[in-house]
$ cat start.txt   # compact mmCIF, C-alpha atoms
# COMPACT_ATOMS: atom_id res chain seq x y z
CA MET Y 6 0.00 0.00 0.00
CA GLY Y 7 2.86 2.34 0.80
CA ALA Y 8 4.31 1.89 -2.64
CA HIS Y 9 0.99 2.90 -4.22
CA LYS Y 10 0.70 6.00 -2.01
CA GLY Y 11 4.14 7.19 -2.93
CA ARG Y 12 3.58 6.76 -6.70
CA ARG Y 13 2.92 9.95 -8.64
CA SER Y 14 1.15 10.19 -12.00
CA SER Y 15 2.86 11.92 -14.86
CA ALA Y 16 1.43 15.10 -16.35
CA SER Y 17 0.80 13.36 -19.67
CA THR Y 18 -1.77 10.94 -18.24
CA SER Y 19 -5.44 11.81 -18.55
CA LEU Y 20 -7.50 13.24 -15.73
CA THR Y 21 -9.47 10.02 -15.35
CA GLN Y 22 -6.27 8.09 -14.68
CA ARG Y 23 -4.87 10.64 -12.23
CA THR Y 24 -8.07 10.66 -10.14
CA ARG Y 25 -7.85 8.09 -7.39
CA ASN Y 26 -11.55 7.88 -6.61
CA LYS Y 27 -13.13 5.17 -8.75
CA LEU Y 28 -16.61 6.74 -8.90
CA LYS Y 29 -15.13 10.10 -9.83
CA ARG Y 30 -13.05 8.47 -12.58
CA GLN Y 31 -16.19 6.89 -14.04
CA GLN Y 32 -18.04 10.21 -14.04
CA LEU Y 33 -15.12 11.98 -15.71
CA HIS Y 34 -14.89 9.26 -18.34
CA ILE Y 35 -18.59 9.66 -19.17
CA LEU Y 36 -18.22 13.43 -19.45
CA GLN Y 37 -15.19 13.11 -21.72
CA LYS Y 38 -17.05 10.64 -23.94
CA LYS Y 39 -20.02 13.01 -24.21
CA ASP Y 40 -17.75 15.90 -25.18
CA LYS Y 41 -16.05 13.77 -27.82
CA ASP Y 42 -19.39 12.65 -29.29
CA LYS Y 43 -20.58 16.25 -29.32
CA GLN Y 44 -17.51 17.37 -31.24
CA LEU Y 45 -17.92 14.57 -33.77
CA ARG Y 46 -21.59 15.42 -34.26
CA GLU Y 47 -20.84 19.11 -34.77
CA GLU Y 48 -18.10 18.22 -37.23
CA ARG Y 49 -20.49 15.93 -39.11
CA PHE Y 50 -23.21 18.58 -39.41
CA ARG Y 51 -20.69 21.24 -40.44
CA ARG Y 52 -19.35 18.93 -43.15
CA LYS Y 53 -22.91 18.17 -44.32
CA LYS Y 54 -23.68 21.88 -44.75
CA GLU Y 55 -20.51 22.43 -46.75
CA GLU Y 56 -21.18 19.37 -48.98
CA ASP Y 57 -24.76 20.52 -49.62
CA LYS Y 58 -23.36 23.77 -51.00
CA ASP Y 59 -20.57 22.07 -52.97
CA PRO Y 60 -21.34 18.40 -53.97
CA GLU Y 61 -17.78 17.97 -55.25
CA LEU Y 62 -16.54 17.94 -51.66
CA ARG Y 63 -18.68 14.89 -50.92
CA ALA Y 64 -17.46 13.07 -54.02
CA ALA Y 65 -13.84 13.82 -53.11
CA ARG Y 66 -14.36 12.63 -49.53
CA LEU Y 67 -15.97 9.35 -50.63
CA GLU Y 68 -13.21 8.79 -53.18
CA LYS Y 69 -10.57 9.36 -50.51
CA ASN Y 70 -12.27 7.15 -47.91
CA LYS Y 71 -12.83 4.24 -50.28
CA PRO Y 72 -11.79 1.06 -48.43
CA GLN Y 73 -8.93 -0.96 -49.86
CA THR Y 74 -9.59 -4.68 -50.34
CA LEU Y 75 -7.58 -7.53 -51.80
CA GLU Y 76 -9.65 -7.26 -55.00
CA THR Y 77 -8.82 -3.58 -55.49
CA LYS Y 78 -5.12 -4.26 -54.80
CA ARG Y 79 -5.03 -7.24 -57.14
CA VAL Y 80 -1.72 -7.74 -58.96
CA TRP Y 81 -1.57 -8.69 -62.66
CA ASP Y 82 1.19 -10.04 -64.86
CA ASP Y 83 2.45 -7.21 -67.06
CA VAL Y 84 2.91 -9.27 -70.23
CA ASP Y 85 1.31 -9.35 -73.66
CA ASP Y 86 0.91 -13.13 -73.60
CA ASP Y 87 -2.57 -14.54 -72.90
CA SER Y 88 -1.61 -18.17 -72.40
CA LEU Y 89 -3.14 -20.41 -69.75
CA GLY Y 90 -1.86 -19.97 -66.20
CA LEU Y 91 -0.94 -16.28 -66.44
CA GLN Y 92 -2.73 -13.73 -64.26
CA VAL Y 93 -3.58 -11.40 -67.13
CA ASP Y 94 -6.67 -9.20 -67.33
CA VAL Y 95 -8.04 -10.25 -70.72
CA GLU Y 96 -10.23 -7.16 -71.10
CA GLN Y 97 -7.42 -4.71 -70.37
CA LEU Y 98 -5.05 -6.66 -72.64
CA LYS Y 99 -7.52 -6.45 -75.50
CA LYS Y 100 -8.00 -2.71 -74.96
CA ARG Y 101 -4.24 -2.21 -75.01
CA ARG Y 102 -3.92 -4.13 -78.27
CA LEU Y 103 -6.72 -2.12 -79.88
CA GLU Y 104 -5.06 1.14 -78.81
CA GLU Y 105 -1.76 -0.03 -80.29
CA GLU Y 106 -3.48 -0.92 -83.57
CA GLU Y 107 -5.13 2.52 -83.71
CA ARG Y 108 -1.80 4.20 -82.98
CA GLU Y 109 -0.15 2.25 -85.79
CA GLN Y 110 -2.98 3.20 -88.15
CA MET Y 111 -2.61 6.87 -87.24
CA GLU Y 112 1.16 6.75 -87.75
CA ALA Y 113 0.68 5.03 -91.12
CA MET Y 114 -1.85 7.68 -92.17
CA GLU Y 115 0.51 10.49 -91.13
CA GLU Y 116 3.32 8.92 -93.14
CA GLU Y 117 1.03 8.64 -96.17
CA GLU Y 118 0.06 12.30 -95.76
CA GLU Y 119 3.70 13.35 -95.64
CA ASP Y 120 4.45 11.31 -98.78
CA ASP Y 121 1.46 12.81 -100.55
CA ASP Y 122 2.55 16.32 -99.58
CA ASP Y 123 6.06 15.70 -100.93
CA ASP Y 124 4.74 14.29 -104.20
CA ASP Y 125 2.22 17.05 -104.73
CA ASP Y 126 4.49 20.04 -104.06
CA ASP Y 127 5.14 20.59 -107.76
CA SER Y 128 1.68 19.55 -108.89
CA MET Y 129 -0.66 22.16 -110.40
CA LEU Y 130 -3.84 20.20 -109.67
CA ALA Y 131 -5.26 22.06 -106.73
CA SER Y 132 -8.52 20.16 -106.93
CA ASP Y 133 -6.73 16.86 -106.40
CA ASP Y 134 -5.05 18.32 -103.30
CA ASP Y 135 -8.41 19.35 -101.93
CA GLU Y 136 -9.86 15.87 -102.53
CA ASP Y 137 -6.91 14.17 -100.80
CA GLY Y 138 -7.23 16.53 -97.87
CA GLU Y 139 -10.93 15.80 -97.59
CA MET Y 140 -10.24 12.02 -97.65
CA ASP Y 141 -7.62 12.36 -94.93
CA GLU Y 142 -9.98 14.42 -92.82
CA ALA Y 143 -12.69 11.79 -93.28
CA LYS Y 144 -10.34 9.01 -92.14
CA ARG Y 145 -9.28 11.04 -89.13
CA GLU Y 146 -12.87 11.78 -88.18
CA ALA Y 147 -13.76 8.08 -88.53
CA LEU Y 148 -10.97 7.12 -86.14
CA GLU Y 149 -12.06 9.82 -83.69
CA ARG Y 150 -15.63 8.51 -83.78
CA LYS Y 151 -14.37 4.99 -83.03
CA ARG Y 152 -12.43 6.25 -80.03
CA GLU Y 153 -15.38 8.20 -78.68
CA LYS Y 154 -17.67 5.20 -79.13
CA ARG Y 155 -15.26 2.93 -77.27
CA ALA Y 156 -14.83 5.50 -74.50
CA ARG Y 157 -18.61 5.81 -74.10
CA ARG Y 158 -18.93 2.04 -73.96
CA ASP Y 159 -16.26 1.78 -71.28
CA THR Y 160 -17.73 4.54 -69.13
CA SER Y 161 -21.31 3.34 -69.53
CA LEU Y 162 -20.55 0.17 -67.57
CA ALA Y 163 -20.97 0.44 -63.83
CA PRO Y 164 -17.78 -0.01 -61.79
CA SER Y 165 -19.46 -2.85 -59.84
CA THR Y 166 -20.32 -4.82 -62.98
CA THR Y 167 -18.69 -8.25 -62.71
CA SER Y 168 -20.42 -10.18 -65.48
CA THR Y 169 -18.04 -12.26 -67.57
CA ASN Y 170 -17.85 -11.43 -71.26
CA LEU Y 171 -16.88 -14.64 -73.06
CA ASP Y 172 -16.48 -12.71 -76.32
CA LEU Y 173 -13.10 -11.60 -74.97
CA THR Y 174 -11.80 -15.18 -74.94
CA PRO Y 175 -8.18 -15.29 -76.21
CA SER Y 176 -7.54 -17.03 -79.52
CA SER Y 177 -4.91 -19.22 -77.85
CA LEU Y 178 -7.61 -20.92 -75.76
CA ALA Y 179 -9.74 -21.60 -78.82
CA THR Y 180 -6.71 -23.18 -80.50
CA LYS Y 181 -5.79 -25.34 -77.52
CA PHE Y 182 -9.35 -26.44 -76.64
CA PRO Y 183 -11.25 -26.64 -79.95
CA THR Y 184 -14.00 -28.85 -78.52
CA LEU Y 185 -14.99 -26.17 -75.98
CA PHE Y 186 -14.53 -23.08 -78.15
CA THR Y 187 -16.18 -23.98 -81.43
CA ASP Y 188 -17.96 -21.84 -84.00
CA MET Y 189 -20.65 -24.48 -84.50
CA ALA Y 190 -23.90 -24.41 -82.59
CA PRO Y 191 -23.33 -26.31 -79.31
CA PRO Y 192 -25.38 -29.51 -78.82
CA THR Y 193 -28.05 -29.74 -76.18
CA PRO Y 194 -26.30 -30.54 -72.87
CA LYS Y 195 -26.74 -34.11 -71.65
CA VAL Y 196 -24.92 -34.85 -68.40
CA LEU Y 197 -24.05 -38.21 -66.85
CA ILE Y 198 -23.64 -38.01 -63.05
CA THR Y 199 -21.83 -40.74 -61.15
CA THR Y 200 -19.77 -41.20 -57.99
CA SER Y 201 -16.67 -43.00 -56.81
CA LEU Y 202 -16.79 -46.73 -56.07
CA ASN Y 203 -19.01 -47.79 -53.13
CA SER Y 204 -20.05 -44.20 -52.56
CA THR Y 205 -22.73 -43.06 -50.14
CA LEU Y 206 -23.44 -39.78 -51.95
CA HIS Y 207 -26.71 -40.94 -53.50
CA ASN Y 208 -28.72 -38.06 -52.04
CA GLU Y 209 -26.14 -35.49 -53.17
CA ALA Y 210 -26.11 -37.02 -56.67
CA ASP Y 211 -29.90 -36.65 -56.86
CA VAL Y 212 -29.49 -32.99 -55.84
CA PHE Y 213 -27.00 -32.42 -58.66
CA CYS Y 214 -29.52 -33.97 -61.06
CA THR Y 215 -31.84 -31.10 -60.21
CA ILE Y 216 -29.05 -28.55 -60.90
CA PHE Y 217 -27.95 -29.80 -64.33
CA PRO Y 218 -30.79 -30.14 -66.86
CA ASN Y 219 -31.02 -33.35 -68.89
CA SER Y 220 -28.88 -35.24 -66.38
CA THR Y 221 -28.91 -38.91 -65.38
CA TYR Y 222 -27.47 -40.51 -62.25
CA ILE Y 223 -25.85 -43.96 -62.56
CA ARG Y 224 -24.48 -45.68 -59.48
CA ARG Y 225 -21.07 -47.34 -59.39
CA THR Y 226 -20.81 -50.63 -57.53
CA ASN Y 227 -17.91 -52.68 -56.24
CA HIS Y 228 -19.82 -55.96 -56.27
CA ARG Y 229 -17.73 -59.08 -56.84
CA TYR Y 230 -19.66 -59.76 -60.05
CA GLY Y 231 -19.42 -56.14 -61.22
CA HIS Y 232 -16.64 -54.58 -63.27
CA LYS Y 233 -14.77 -51.62 -61.81
CA TYR Y 234 -15.02 -49.19 -64.73
CA SER Y 235 -12.53 -46.35 -64.75
CA LEU Y 236 -13.40 -42.74 -65.49
CA ARG Y 237 -12.04 -43.10 -69.03
CA GLU Y 238 -14.20 -46.13 -69.70
CA ILE Y 239 -17.24 -44.34 -68.32
CA SER Y 240 -16.46 -41.30 -70.49
CA ARG Y 241 -16.11 -43.51 -73.59
CA PHE Y 242 -19.43 -45.18 -72.74
CA ALA Y 243 -21.13 -41.79 -72.27
CA ALA Y 244 -19.67 -40.32 -75.48
CA ASN Y 245 -21.03 -43.22 -77.51
CA ARG Y 246 -24.49 -42.45 -76.13
CA GLU Y 247 -24.32 -38.74 -77.02
CA TYR Y 248 -23.63 -37.40 -73.54
CA THR Y 249 -21.83 -34.07 -73.52
CA ALA Y 250 -20.29 -34.21 -70.01
CA VAL Y 251 -19.55 -36.58 -67.13
CA VAL Y 252 -19.71 -35.31 -63.54
CA MET Y 253 -18.16 -37.55 -60.89
CA LEU Y 254 -18.63 -36.84 -57.17
CA ARG Y 255 -15.82 -37.70 -54.76
CA GLU Y 256 -16.20 -38.23 -51.04
CA ASP Y 257 -14.17 -38.55 -47.89
CA SER Y 258 -15.65 -39.82 -44.61
CA LYS Y 259 -19.07 -39.95 -46.29
CA LYS Y 260 -18.94 -36.23 -47.13
CA LEU Y 261 -18.80 -34.58 -50.53
CA THR Y 262 -15.25 -33.24 -50.98
CA GLY Y 263 -14.59 -33.11 -54.72
CA LEU Y 264 -16.05 -32.79 -58.19
CA THR Y 265 -14.57 -33.96 -61.51
CA VAL Y 266 -16.12 -32.65 -64.73
CA VAL Y 267 -15.14 -34.20 -68.08
CA HIS Y 268 -16.17 -32.46 -71.28
CA LEU Y 269 -16.96 -35.07 -73.91
CA PRO Y 270 -15.91 -36.52 -76.25
CA SER Y 271 -12.19 -35.77 -75.74
CA GLY Y 272 -11.83 -33.48 -72.75
CA PRO Y 273 -10.70 -31.29 -71.09
CA THR Y 274 -11.07 -32.54 -67.51
CA PHE Y 275 -11.58 -30.15 -64.57
CA THR Y 276 -11.00 -31.17 -60.96
CA PHE Y 277 -12.65 -29.10 -58.21
CA SER Y 278 -12.72 -29.35 -54.44
CA VAL Y 279 -16.11 -28.85 -52.76
CA THR Y 280 -16.70 -27.22 -49.38
CA ASN Y 281 -19.68 -25.92 -47.40
CA PHE Y 282 -22.23 -28.06 -49.21
CA MET Y 283 -25.76 -27.44 -47.91
CA GLU Y 284 -28.91 -28.89 -49.37
CA GLY Y 285 -31.82 -26.64 -50.24
CA ARG Y 286 -34.17 -28.23 -47.69
CA LYS Y 287 -31.85 -27.09 -44.89
CA LEU Y 288 -31.96 -23.44 -45.92
CA PRO Y 289 -34.42 -21.22 -44.02
CA GLY Y 290 -37.27 -20.04 -46.24
CA HIS Y 291 -36.08 -22.10 -49.18
CA GLY Y 292 -38.03 -22.75 -52.37
CA ASN Y 293 -38.57 -25.97 -54.28
CA PRO Y 294 -36.80 -26.41 -57.64
CA THR Y 295 -38.67 -26.96 -60.91
CA ASN Y 296 -37.66 -28.62 -64.18
CA HIS Y 297 -37.26 -25.32 -66.05
CA TYR Y 298 -33.94 -24.48 -67.66
CA PRO Y 299 -32.28 -21.87 -65.39
CA GLU Y 300 -30.58 -18.66 -66.38
CA LEU Y 301 -26.82 -18.82 -65.87
CA LEU Y 302 -24.83 -15.92 -64.41
CA LEU Y 303 -21.02 -16.11 -64.55
CA ASN Y 304 -19.34 -13.37 -62.52
CA ASN Y 305 -15.80 -12.07 -62.23
CA PHE Y 306 -13.87 -14.46 -64.49
CA LYS Y 307 -11.12 -12.27 -65.96
CA THR Y 308 -8.01 -14.34 -66.73
CA PRO Y 309 -7.55 -16.94 -69.52
CA LEU Y 310 -7.96 -19.71 -66.94
CA GLY Y 311 -11.11 -18.00 -65.67
CA MET Y 312 -12.50 -17.77 -69.22
CA LEU Y 313 -11.85 -21.49 -69.68
CA THR Y 314 -13.64 -22.34 -66.43
CA ALA Y 315 -16.59 -20.09 -67.29
CA LYS Y 316 -16.90 -21.74 -70.70
CA LEU Y 317 -17.07 -25.16 -69.03
CA PHE Y 318 -20.04 -24.08 -66.88
CA GLN Y 319 -21.70 -22.57 -69.94
CA THR Y 320 -21.58 -25.92 -71.76
CA LEU Y 321 -23.37 -27.66 -68.86
CA PHE Y 322 -26.55 -25.61 -69.25
CA PRO Y 323 -28.84 -25.09 -72.27
CA PRO Y 324 -28.20 -21.79 -74.07
CA GLN Y 325 -31.93 -20.94 -74.12
CA PRO Y 326 -33.27 -20.59 -70.55
CA GLU Y 327 -36.96 -20.96 -69.77
CA PHE Y 328 -37.87 -17.60 -68.31
CA GLN Y 329 -41.27 -18.75 -67.07
CA GLY Y 330 -39.45 -20.77 -64.40
CA ARG Y 331 -37.72 -17.59 -63.09
CA GLN Y 332 -34.74 -19.62 -61.84
CA VAL Y 333 -31.20 -18.22 -61.82
CA LEU Y 334 -28.02 -20.16 -61.10
CA THR Y 335 -25.05 -17.96 -60.22
CA VAL Y 336 -21.37 -18.95 -60.26
CA HIS Y 337 -19.53 -16.07 -58.60
CA ASN Y 338 -15.73 -16.03 -58.53
CA GLN Y 339 -14.12 -14.23 -55.63
CA ARG Y 340 -10.47 -14.78 -54.72
CA ASP Y 341 -10.42 -18.03 -56.75
CA TYR Y 342 -13.37 -19.49 -54.83
CA LEU Y 343 -16.48 -20.23 -56.89
CA PHE Y 344 -19.69 -19.65 -54.94
CA VAL Y 345 -22.62 -21.51 -56.47
CA ARG Y 346 -26.12 -20.29 -55.61
CA ARG Y 347 -29.56 -20.90 -57.11
CA HIS Y 348 -32.49 -18.50 -56.65
CA ARG Y 349 -36.00 -17.88 -57.89
CA TYR Y 350 -36.94 -14.26 -58.54
CA VAL Y 351 -40.22 -12.38 -58.76
CA PHE Y 352 -41.03 -8.79 -59.74
CA ARG Y 353 -43.10 -6.92 -57.17
CA GLU Y 354 -44.18 -3.41 -56.32
CA LYS Y 355 -42.03 -1.17 -54.20
CA ARG Y 356 -42.99 -0.83 -50.55
CA ALA Y 357 -43.44 2.57 -48.94
CA THR Y 358 -40.55 1.95 -46.54
CA GLU Y 359 -38.05 1.13 -49.33
CA ARG Y 360 -35.73 3.65 -50.90
CA ASN Y 361 -35.33 4.40 -54.57
CA ILE Y 362 -32.69 2.60 -56.60
CA VAL Y 363 -29.59 4.76 -56.94
CA GLY Y 364 -27.24 4.46 -59.92
CA THR Y 365 -23.47 4.72 -59.99
CA ASP Y 366 -23.73 8.51 -60.44
CA GLY Y 367 -25.61 8.87 -57.15
CA LYS Y 368 -28.94 9.75 -58.81
CA ASP Y 369 -32.19 7.81 -58.82
CA MET Y 370 -32.56 5.42 -61.75
CA GLN Y 371 -35.35 6.25 -64.16
CA GLY Y 372 -37.98 3.70 -65.20
CA VAL Y 373 -37.76 1.44 -62.14
CA GLU Y 374 -39.32 3.70 -59.51
CA GLY Y 375 -42.14 1.34 -58.57
CA LEU Y 376 -40.46 -2.03 -59.20
CA ARG Y 377 -38.49 -4.33 -56.96
CA VAL Y 378 -37.15 -7.88 -57.33
CA GLY Y 379 -37.74 -10.46 -54.64
CA LEU Y 380 -35.36 -13.43 -54.29
CA GLN Y 381 -35.93 -16.83 -52.77
CA GLU Y 382 -33.00 -19.21 -52.50
CA VAL Y 383 -33.73 -22.64 -53.90
CA GLY Y 384 -30.43 -24.31 -53.12
CA PRO Y 385 -28.21 -26.13 -52.85
CA ARG Y 386 -25.34 -23.84 -51.96
CA PHE Y 387 -21.70 -24.91 -52.09
CA THR Y 388 -18.22 -23.56 -52.83
CA LEU Y 389 -15.84 -24.84 -55.50
CA LYS Y 390 -12.11 -24.32 -55.96
CA LEU Y 391 -10.32 -25.30 -59.15
CA ARG Y 392 -7.45 -27.67 -58.47
CA ARG Y 393 -6.42 -29.11 -61.82
CA VAL Y 394 -7.05 -28.86 -65.58
CA ASP Y 395 -6.13 -31.73 -67.93
CA LYS Y 396 -6.37 -31.52 -71.68
CA GLY Y 397 -7.69 -35.05 -72.24
CA VAL Y 398 -10.06 -37.35 -70.39
CA GLY Y 399 -9.06 -38.05 -66.80
CA ARG Y 400 -5.73 -37.32 -65.18
CA ALA Y 401 -2.68 -36.81 -67.36
CA GLY Y 402 -0.48 -39.45 -65.71
CA SER Y 403 0.29 -41.59 -68.75
CA GLU Y 404 -0.23 -38.99 -71.46
CA GLY Y 405 2.83 -36.90 -70.73
CA GLU Y 406 3.41 -33.42 -69.36
CA ASP Y 407 1.65 -31.74 -72.28
CA ALA Y 408 -1.69 -33.15 -71.16
CA LEU Y 409 -1.53 -31.38 -67.78
CA GLN Y 410 -2.49 -27.76 -68.48
CA TRP Y 411 -2.71 -26.25 -65.00
CA GLU Y 412 -2.50 -27.40 -61.40
CA TRP Y 413 -2.99 -25.56 -58.15
CA LYS Y 414 -0.04 -25.51 -55.76
CA GLY Y 415 0.30 -24.21 -52.24
CA LYS Y 416 2.93 -21.60 -53.11
CA MET Y 417 0.42 -19.85 -55.37
CA GLU Y 418 -1.16 -18.26 -52.28
CA LYS Y 419 2.11 -16.82 -50.98
CA ASP Y 420 1.16 -13.43 -52.40
CA ARG Y 421 -2.42 -12.81 -51.28
CA LYS Y 422 -3.00 -10.18 -53.98
CA ARG Y 423 -2.53 -12.63 -56.88
CA PHE Y 424 -5.42 -14.72 -58.14
CA ASN Y 425 -5.62 -17.27 -60.94
CA LEU Y 426 -9.22 -16.86 -62.09

$ encode --input "start.txt" --output "structure tokens"
Amino acid sequence: MGAHKGRRSSASTSLTQRTRNKLKRQQLHILQKKDKDKQLREERFRRKKEEDKDPELRAARLEKNKPQTLETKRVWDDVDDDSLGLQVDVEQLKKRRLEEEEREQMEAMEEEEEDDDDDDDDSMLASDDDEDGEMDEAKREALERKREKRARRDTSLAPSTTSTNLDLTPSSLATKFPTLFTDMAPPTPKVLITTSLNSTLHNEADVFCTIFPNSTYIRRTNHRYGHKYSLREISRFAANREYTAVVMLREDSKKLTGLTVVHLPSGPTFTFSVTNFMEGRKLPGHGNPTNHYPELLLNNFKTPLGMLTAKLFQTLFPPQPEFQGRQVLTVHNQRDYLFVRRHRYVFREKRATERNIVGTDGKDMQGVEGLRVGLQEVGPRFTLKLRRVDKGVGRAGSEGEDALQWEWKGKMEKDRKRFNL
């Protein structure tokens, strides 16, 4: 006790710490907190008055206080190659190539103009000079119109738009995987669903039959009189019967842990790991699925590997959805994890307590004042992560190193700002 009595507080400590009476310290702390809240409130109202007079101040403040996430700090490979396995933004790479082509065209036109000027210095045909000048002006105006059109298209998209544009698929992918990227009309998807030997995932397989239209589930048995067919034999069997894909479920400790998708007739083969699988009947307020073809939404696939994965999911669903079913299946890529969700939507009237829809410019959107969209999750929900891509059917063990196109490794996550999809 004597040591505590002899101790003196420094001048830098707060008043609440220097006060020895506990009740007095509590009262002082409350008063200090009230004063701090009052100052913050006054500062907030003062800032609001200034921003009402000058809206640019608000825009500058929001731009400055924008939170930094791993997605906004994402790192890309600064190369012109769009081969598989490189973290290259396909859209930005295509824009850069178009700008380079336009620059080359402008330089070529300027060189032609200089040559024409040199040749026509001694010419007496003024009318020809006027015609050439008019043609050059027309070419220049055409290029300017193209630039303005592209700039308007780029700025018209909302910054939060994450829909995948498969038209930006690199030509190298179409050359390497001609069965996936073909100019012909794709056949109607027909999926064969199976499991590993002696599997217990019969209920999960039936759930996947409701996800993929035109799908059939065939069990695999390890009976002593049965033949243990391999994945290649199953794929050959399915291809002869006009199936377009084989989906095999893998399990560990009677839980769904993996998914292998083979695109028929000759590959490629995608290997995914599955986590957080939850059936639709376990979701609160869930809906019941119907047999209608769903609408497919593919979000945030930007690299060549992401385009390849998005194209695989596109081939598993019919290209013409049945809108009367109002079902949407979403595959959302975020940090190389694919979140799969299925919903049913309905258009309804706006409630009095709901706010108006605000666009990216901060103003109310026109034409949708009295409309809202209600969502009901149908399920199931699960998360996929791409682990391996093989060019042929099955794993590439005996086909050589060229058959293995991409494989996930632990060191890929050493830099948290680099993503593969």

$ closest_residue --input "start.txt" --among "Y:Asn245, Y:Ser278, Y:Gln329, Y:Asn425" --to "Y:Thr388" --atoms "only C-alpha atoms"
Y:Ser278

$ closest_residue --input "start.txt" --among "Y:Arg331, Y:Lys71, Y:Lys259, Y:Arg237" --to "Y:Asn203" --atoms "only C-alpha atoms"
Y:Lys259

$ closest_residue --input "start.txt" --among "Y:Val266, Y:Lys414, Y:Lys422, Y:Phe242" --to "Y:Thr320" --atoms "only C-alpha atoms"
Y:Val266

$ closest_residue --input "start.txt" --among "Y:Glu284, Y:Asp341, Y:Glu247, Y:Asp257" --to "Y:Ala210" --atoms "all atoms listed in the file"
Y:Glu284

$ closest_residue --input "start.txt" --among "Y:His297, Y:His228, Y:Arg79, Y:Arg400" --to "Y:Thr274" --atoms "all atoms listed in the file"
Y:Arg400

$ residues_around --input "start.txt" --residues "Y:Pro326" --least-positions-apart "3" --cutoff "9 Å" --atoms "only C-alpha atoms" --output "list in words"
His297, Tyr298, Pro299, Glu300, Leu301, Phe322, Pro323, Gln329, Gly330 and Gln332 of chain Y

$ atom_distance --input "start.txt" --atom1 "atom CA of Y:Arg286" --atom2 "atom CA of Y:Arg347"
12.8 Å
